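Colleague: Quick one: this structure, given as structure tokens, is what I'll be asking you about.
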Amino acid sequence: MTLPGTQHLSRPAELASLPSLKAFVIAAAEEAGFTTDQCQRIELAVDELLTNVLLYAYPQGHGGVTISCRATPDALRVTITDQGRPFNPLTAPDPDLDSDLEQRQLGGLGIFLARRVANLLSYRRSETSNILTVCFSKESPEPAPQKQGE
Amino acid sequence: MEVVTSKADGLVTITVTGRMDAVTAPAFQQEVQSCIEAGERRFIIDLAALEYISSAGLRSMLFLAKKLKGCEGCMALCGLAGMVKEVFDISGFSTILAIYPDVAEAGRNL
């Protein structure tokens, strides 16, 4: 179901699509009245979530990714949908922030950063698709993971 | 993203301009790796003109720092500000990488 005021962009799920997908979301955020600082945070969260999809959703071949943006007076909801292998990025463990240089692992950072700068992050799997929803509020300066709603 | 490399007195300064994400980080990583393969061991990574970095960029920094440590080299970052600094801070990278305010200070400590 497409809600009024929702914009969509579909691209092949490959790294080369990242700039245009990010530009689409940033334009929607600017249009919705988010500040420059907020747009940077939005870009970071969307970048991290999208990069995971572009790199890992279709290990055997090609597929697409669709990004949808819907602005309400106080928030921006971004939905990232792909038809790739079932994968819930929110179950990934946090990186160990206390390990030293030798012990620090290379992975795990993307979702951690996305969680830190977004207000709400949720995932569901439909029969065919991974659906990742990330919401950004204009009001709260700090992420509020428990916050629900529009 | 632009990467400019300069060398003086056995010290390589890599100046990065623009935005580092999964698309552009490989070019940065490759440039530093090429210098390491050519025998260089002391690096300053000047990020004063870097506007944005994602985890892909952080991973490159960590990869290079580990690689240099493994061959008795060293790497210092400088010029972190704004959102770039914030990303390094919240990821815990500010405590495991050598970070200085500017190129001069980084050079004195390498």
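Each chain in the structure tokens gets a letter, A, B and so on, in the order shown; residues start at 1 in every chain, and ligands are counted from 1 in the order they appear.
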I need the residues in region 33-112 of chain A that are alpha helix (DSSP H) according to DSSP; give them as a PyMOL selection string.
Modeller: chain A and resi 36-56+109-112
Colleague: With only C-alpha atoms considered, list every residue of chain B at most 12 Å from chain A, as an MDAnalysis selection string.
Modeller: chainID B and resid 19:26 51:70 82:84 86:98
Colleague: Using only C-alpha atoms, find the one residue out of B:Ala49, B:Ala27, B:Val12, B:Ala104 that sits nearest to Met75 (chain B).
Modeller: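 Nearest to Met75 (chain B): B:Val12.
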Colleague: Take CA of Thr35 (chain A) and CA of Thr17 (chain B) and report the distance between them in Å, one decimal.
Modeller: 22.7 Å
Colleague: Once DSSP has gone over the backbone, tell me which residues of region 5-93 of chain A are in strand (DSSP E), as number ranges by chain.
Modeller: A: 6-12, 64-71, 75-82
Colleague: What does the distance from CA of Glu72 (chain B) to CA of Glu40 (chain B) come to in Å, to one decimal?
Modeller: 10.7 Å
Colleague: In Å to one decimal, how far is CA of Arg115 (chain A) from CA of Leu132 (chain A)?
Modeller: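 Calculated distance between CA of Leu132 (chain A) and CA of Arg115 (chain A) is 12.4 Å.
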Colleague: Do you know which residues are at most 12 Å from region 68-78 of chain A counting only C-alpha atoms, after dropping those on the same chain fewer than 5 positions away, and could you put them as a ChimeraX atom specification?
Modeller: /A:1-11,21-34,38-39,42-43,45-47,49-50,118-123,131-140,148-150
Colleague: When distances are computed from only C-alpha atoms, which of A:Thr66, A:Gln60, A:Ser20, A:Thr36 shows the smallest separation from Arg85 (chain A)?
Modeller: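 Distance minimum relative to Arg85 (chain A) lands on A:Gln60.
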Colleague: Considering only C-alpha atoms, return as a list of chain:residue names whatever protein or nucleic-acid residues lie within 9 Å of Glu14 (chain A), sequence-local ones (same chain, fewer than 5 positions apart) excluded.
Modeller: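 Listed by chain and then number, they are A:Thr51, A:Val53, A:Leu54, A:Leu55, A:His62, A:Gly63, A:Gly64, A:Val65.
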Colleague: Would you mind exporting C-alpha atoms of the selected residues as an mmCIF file, in the first residue's frame?
Modeller:
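Final file, selection06.cif:
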```
data_model
loop_
_atom_site.group_PDB
_atom_site.id
_atom_site.type_symbol
_atom_site.label_atom_id
_atom_site.label_comp_id
_atom_site.auth_asym_id
_atom_site.auth_seq_id
_atom_site.Cartn_x
_atom_site.Cartn_y
_atom_site.Cartn_z
ATOM 1 C CA THR A 51 25.386 -0.763 2.005
ATOM 2 C CA VAL A 53 21.739 -4.685 1.322
ATOM 3 C CA LEU A 54 23.813 -3.760 -1.717
ATOM 4 C CA LEU A 55 26.686 -5.991 -0.665
ATOM 5 C CA HIS A 62 21.372 -9.779 -9.019
ATOM 6 C CA GLY A 63 18.340 -8.098 -7.598
ATOM 7 C CA GLY A 64 16.847 -4.768 -6.803
ATOM 8 C CA VAL A 65 16.391 -2.520 -3.826
#
```
